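Student: So that you have it, the file is input_35.cif, and it contains mmCIF, C-alpha atoms, pLDDT in the B column; chains and numbers go by the auth columns:
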data_input
loop_
_atom_site.group_PDB
_atom_site.id
_atom_site.type_symbol
_atom_site.label_atom_id
_atom_site.label_comp_id
_atom_site.label_asym_id
_atom_site.label_seq_id
_atom_site.Cartn_x
_atom_site.Cartn_y
_atom_site.Cartn_z
_atom_site.B_iso_or_equiv
_atom_site.auth_seq_id
_atom_site.auth_asym_id
ATOM 1 C CA MET A 1 151.888 79.663 314.700 43.00 40 L
ATOM 2 C CA THR A 2 150.899 76.263 313.411 43.00 41 L
ATOM 3 C CA ALA A 3 154.517 75.148 313.049 45.00 42 L
ATOM 4 C CA GLY A 4 155.333 76.310 316.578 44.00 43 L
ATOM 5 C CA ALA A 5 152.375 74.378 317.940 41.00 44 L
ATOM 6 C CA LEU A 6 153.510 71.187 316.211 40.00 45 L
ATOM 7 C CA VAL A 7 157.002 71.191 317.681 38.00 46 L
ATOM 8 C CA PRO A 8 155.969 70.625 321.323 38.00 47 L
ATOM 9 C CA ALA A 9 153.516 67.899 320.276 35.00 48 L
ATOM 10 C CA THR A 10 156.268 66.084 318.371 32.00 49 L
ATOM 11 C CA LEU A 11 158.642 66.302 321.305 32.00 50 L
ATOM 12 C CA LEU A 12 156.047 64.929 323.700 34.00 51 L
ATOM 13 C CA THR A 13 155.146 61.924 321.561 30.00 52 L
ATOM 14 C CA ALA A 14 158.632 60.970 320.350 30.00 53 L
ATOM 15 C CA PRO A 15 159.796 59.169 323.534 32.00 54 L
ATOM 16 C CA ASN A 16 156.610 57.058 323.577 30.00 55 L
ATOM 17 C CA ALA A 17 157.264 55.798 320.051 31.00 56 L
ATOM 18 C CA MET A 18 160.559 54.137 320.993 40.00 57 L
ATOM 19 C CA ALA A 19 160.955 51.373 323.542 51.00 58 L
ATOM 20 C CA ASP A 20 164.199 51.005 325.409 68.00 59 L
ATOM 21 C CA PRO A 21 166.084 47.937 324.201 84.00 60 L
ATOM 22 C CA CYS A 22 166.053 44.873 326.425 94.00 61 L
ATOM 23 C CA PRO A 23 169.228 42.976 327.368 95.00 62 L
ATOM 24 C CA THR A 24 170.680 40.331 325.076 94.00 63 L
ATOM 25 C CA GLY A 25 168.950 36.979 325.566 95.00 64 L
ATOM 26 C CA THR A 26 165.529 38.493 326.350 96.00 65 L
ATOM 27 C CA ALA A 27 162.408 39.656 324.502 97.00 66 L
ATOM 28 C CA ARG A 28 160.361 42.849 324.653 96.00 67 L
ATOM 29 C CA VAL A 29 156.673 42.009 325.092 97.00 68 L
ATOM 30 C CA PHE A 30 154.068 44.682 324.325 97.00 69 L
ATOM 31 C CA LEU A 31 150.594 44.279 325.800 97.00 70 L
ATOM 32 C CA GLY A 32 147.247 45.667 324.719 95.00 71 L
ATOM 33 C CA ASN A 33 147.040 47.873 327.817 95.00 72 L
ATOM 34 C CA SER A 34 149.934 50.015 326.477 94.00 73 L
ATOM 35 C CA THR A 35 152.547 48.469 328.764 94.00 74 L
ATOM 36 C CA ASN A 36 155.663 46.571 327.767 95.00 75 L
ATOM 37 C CA SER A 37 158.430 44.755 329.564 95.00 76 L
ATOM 38 C CA CYS A 38 161.529 42.663 329.058 97.00 77 L
ATOM 39 C CA GLN A 39 161.017 38.926 329.493 97.00 78 L
ATOM 40 C CA GLY A 40 163.938 36.713 330.382 97.00 79 L
ATOM 41 C CA ALA A 41 164.354 32.990 329.733 97.00 80 L
ATOM 42 C CA GLY A 42 161.320 30.803 330.284 98.00 81 L
ATOM 43 C CA SER A 43 157.608 30.798 329.482 98.00 82 L
ATOM 44 C CA VAL A 44 155.043 33.395 330.566 98.00 83 L
ATOM 45 C CA SER A 45 151.302 33.564 329.911 97.00 84 L
ATOM 46 C CA TYR A 46 150.078 37.155 329.991 96.00 85 L
ATOM 47 C CA THR A 47 146.610 37.359 331.515 93.00 86 L
ATOM 48 C CA GLU A 48 146.343 41.078 332.366 90.00 87 L
ATOM 49 C CA ALA A 49 146.076 42.059 328.686 94.00 88 L
ATOM 50 C CA PRO A 50 146.471 40.489 325.238 97.00 89 L
ATOM 51 C CA VAL A 51 149.909 40.456 323.604 97.00 90 L
ATOM 52 C CA SER A 52 150.069 43.042 320.828 97.00 91 L
ATOM 53 C CA LYS A 53 153.703 42.692 319.719 97.00 92 L
ATOM 54 C CA VAL A 54 156.827 40.723 320.642 97.00 93 L
ATOM 55 C CA CYS A 55 160.422 41.506 319.660 96.00 94 L
ATOM 56 C CA SER A 56 163.348 39.159 320.226 96.00 95 L
ATOM 57 C CA MET A 57 166.641 40.708 321.211 95.00 96 L
ATOM 58 C CA THR A 58 170.095 39.690 319.993 93.00 97 L
ATOM 59 C CA SER A 59 171.036 36.062 320.710 95.00 98 L
ATOM 60 C CA THR A 60 167.441 35.132 321.523 96.00 99 L
ATOM 61 C CA ASP A 61 164.919 32.638 320.166 97.00 100 L
ATOM 62 C CA VAL A 62 161.280 33.391 321.008 98.00 101 L
ATOM 63 C CA THR A 63 158.172 31.301 320.414 98.00 102 L
ATOM 64 C CA VAL A 64 154.822 33.058 320.743 98.00 103 L
ATOM 65 C CA GLU A 65 151.659 30.966 320.937 98.00 104 L
ATOM 66 C CA ILE A 66 148.390 32.860 320.609 97.00 105 L
ATOM 67 C CA GLN A 67 145.103 31.076 321.285 97.00 106 L
ATOM 68 C CA THR A 68 142.222 32.640 319.344 95.00 107 L
ATOM 69 C CA ASN A 69 138.460 32.409 319.191 94.00 108 L
ATOM 70 C CA ILE A 70 138.686 31.679 315.438 92.00 109 L
ATOM 71 C CA LYS A 71 137.450 28.123 314.778 92.00 110 L
ATOM 72 C CA LYS A 72 139.530 27.600 311.636 93.00 111 L
ATOM 73 C CA ARG A 73 142.720 28.880 313.286 90.00 112 L
ATOM 74 C CA PRO A 74 142.509 28.378 317.063 96.00 113 L
ATOM 75 C CA LEU A 75 146.290 28.521 317.598 95.00 114 L
ATOM 76 C CA ARG A 76 148.888 30.756 315.992 94.00 115 L
ATOM 77 C CA THR A 77 152.556 29.956 316.620 97.00 116 L
ATOM 78 C CA GLN A 78 155.198 32.503 315.646 97.00 117 L
ATOM 79 C CA GLU A 79 158.932 31.917 315.971 97.00 118 L
ATOM 80 C CA LEU A 80 161.261 34.913 316.204 97.00 119 L
ATOM 81 C CA SER A 81 165.017 35.276 316.608 95.00 120 L
ATOM 82 C CA ASN A 82 167.794 37.840 316.780 92.00 121 L
ATOM 83 C CA GLY A 83 165.890 41.126 316.579 92.00 122 L
ATOM 84 C CA GLN A 84 162.756 40.013 314.725 95.00 123 L
ATOM 85 C CA CYS A 85 159.336 41.350 315.748 96.00 124 L
ATOM 86 C CA ALA A 86 155.758 40.214 315.145 96.00 125 L
ATOM 87 C CA SER A 87 152.378 41.819 315.847 96.00 126 L
ATOM 88 C CA PHE A 88 149.268 39.952 316.978 96.00 127 L
ATOM 89 C CA ASP A 89 145.518 40.518 316.672 94.00 128 L
ATOM 90 C CA MET A 90 144.253 41.452 320.116 95.00 129 L
ATOM 91 C CA LYS A 91 140.539 41.264 319.227 95.00 130 L
ATOM 92 C CA THR A 92 140.515 37.498 318.658 94.00 131 L
ATOM 93 C CA GLN A 93 143.065 36.581 321.334 96.00 132 L
ATOM 94 C CA ILE A 94 141.845 34.478 324.255 96.00 133 L
ATOM 95 C CA GLY A 95 145.206 33.275 325.590 96.00 134 L
ATOM 96 C CA ASN A 96 148.940 33.530 324.979 98.00 135 L
ATOM 97 C CA THR A 97 152.312 32.120 325.963 98.00 136 L
ATOM 98 C CA VAL A 98 155.693 33.689 325.223 98.00 137 L
ATOM 99 C CA THR A 99 158.735 31.422 325.545 98.00 138 L
ATOM 100 C CA VAL A 100 162.217 32.962 325.527 98.00 139 L
ATOM 101 C CA THR A 101 165.397 30.936 325.005 97.00 140 L
ATOM 102 C CA PRO A 102 168.830 32.608 324.853 93.00 141 L
ATOM 103 C CA ASN A 103 170.874 31.119 321.990 90.00 142 L
#
In structure tokens, write the structure found in this file.
Tutor:
Amino acid sequence: MTAGALVPATLLTAPNAMADPCPTGTARVFLGNSTNSCQGAGSVSYTEAPVSKVCSMTSTDVTVEIQTNIKKRPLRTQELSNGQCASFDMKTQIGNTVTVTPN
């Protein structure tokens, strides 16, 4: 019975674990409110929730700037390209900007 009960739970959670890929030249931006979206070229500051993770797609350069409430490290800049991902601390985040440039 235990094994049978685990199968439906696995099937229900599996689609949530994978995000659909975004088009080439974009980035997938994950927010702290459990939403994510594809961002095209340009800069966006996300104010509805902190950025939790950003993934660049193929042929894409992404710069993520996270403003924090940490005095010794008030700004974190992360550069990503061609399929790289990075995660960000949402607890200390007070602002963010994600810039996407197709390459």
Student: Please evaluate the PyMOL selection byres ((chain L and resi 118) around 8) against the displayed coordinates and give the resulting residues as JSON, numbers by chain.
Tutor: {"L": [100, 101, 102, 103, 116, 117, 119, 120]}
Student: Considering all atoms listed in the file, return as a list in words whatever protein or nucleic-acid residues lie within 8 Å of L:Thr99, sequence-local ones (same chain, fewer than 4 positions apart) excluded.
Tutor: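 My list of contacting residues is Thr63, Gly64, Thr65, Ala66, Ser95, Ser120, Asn121, Gly122, Val139, Thr140, Pro141 and Asn142 of chain L.
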Student: Smallest atom-to-atom distance to L:Pro62: which of L:Gln106, L:Thr97, L:Thr86, L:Thr74, using only C-alpha atoms?
Tutor: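 Among L:Gln106, L:Thr97, L:Thr86, L:Thr74, it is L:Thr97 that comes nearest to L:Pro62.
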Student: Name all residues at most 7 Å from L:Gly71 (count only C-alpha atoms; drop same-chain ones fewer than 3 positions away) and give them as a ChimeraX atom specification.
Tutor: /L:88-91,129
Student: Using the selection just defined, write its residues with C-alpha atoms as a PDB file, in the coordinates of the input.
Tutor:
ATOM      1  CA  ALA L  88     146.076  42.059 328.686  1.00 94.00           C
ATOM      2  CA  PRO L  89     146.471  40.489 325.238  1.00 97.00           C
ATOM      3  CA  VAL L  90     149.909  40.456 323.604  1.00 97.00           C
ATOM      4  CA  SER L  91     150.069  43.042 320.828  1.00 97.00           C
ATOM      5  CA  MET L 129     144.253  41.452 320.116  1.00 95.00           C
TER       6      MET L 129
END
Student: Choose the residue, out of L:Phe127, L:Cys77, L:Pro60, L:Phe69, that has the smallest atom-to-atom separation from L:Ile105; count all atoms listed in the file.
Tutor: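 Looking at the shortest contact to L:Ile105, the residue is L:Phe127.
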Student: Kindly give the distance, in Å, that separates atom CA of L:Ser82 and atom CA of L:Thr136, rounded to a single decimal.
Tutor: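 Between atom CA of L:Ser82 and atom CA of L:Thr136 the gap works out to 6.5 Å.
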Student: What does the distance between atom CA of L:Ser126 and atom CA of L:Cys94 come to in Å, to one decimal place?
Tutor: 8.9 Å
Student: Which is closest to L:Ile133 among L:Lys111, L:Asn72, L:Cys61, L:Glu87, if we use only C-alpha atoms?
Tutor: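 Checking each candidate against L:Ile133, we get L:Glu87 as the closest.
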Student: Given only C-alpha atoms as the basis, pick out the residue of L:Gln78, L:Val83, L:Leu70, L:Val93 nearest to L:Val137.
Tutor: L:Val83
Student: When you count all atoms listed in the file, which of these residues is closest to L:Cys124: L:Glu104, L:Ser73, L:Arg67, L:Ile109?
Tutor: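 So, comparing all the options, the nearest one is L:Arg67.
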Student: Could you tell me how far atom CA of L:Met96 lies from atom CA of L:Asp128, in Å and to one decimal?
Tutor: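 Distance between the two atoms: 21.6 Å.
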Student: Identify which of the residues L:Val68, L:Ser76, L:Tyr85, L:Lys92 lies closest to L:Gly134, counting all atoms listed in the file when measuring atom-to-atom distances.
Tutor: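 Comparing L:Val68, L:Ser76, L:Tyr85, L:Lys92 against L:Gly134, the winner is L:Tyr85.
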Student: Could you pull the residues within 8 Å of L:Thr107, counting all atoms listed in the file, minus those fewer than 6 positions along the same chain, as a list in words?
Tutor: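 Neighbouring residues, sequence-local ones excluded: Pro113, Leu114, Arg115, Thr131, Gln132, Ile133 and Gly134 of chain L.
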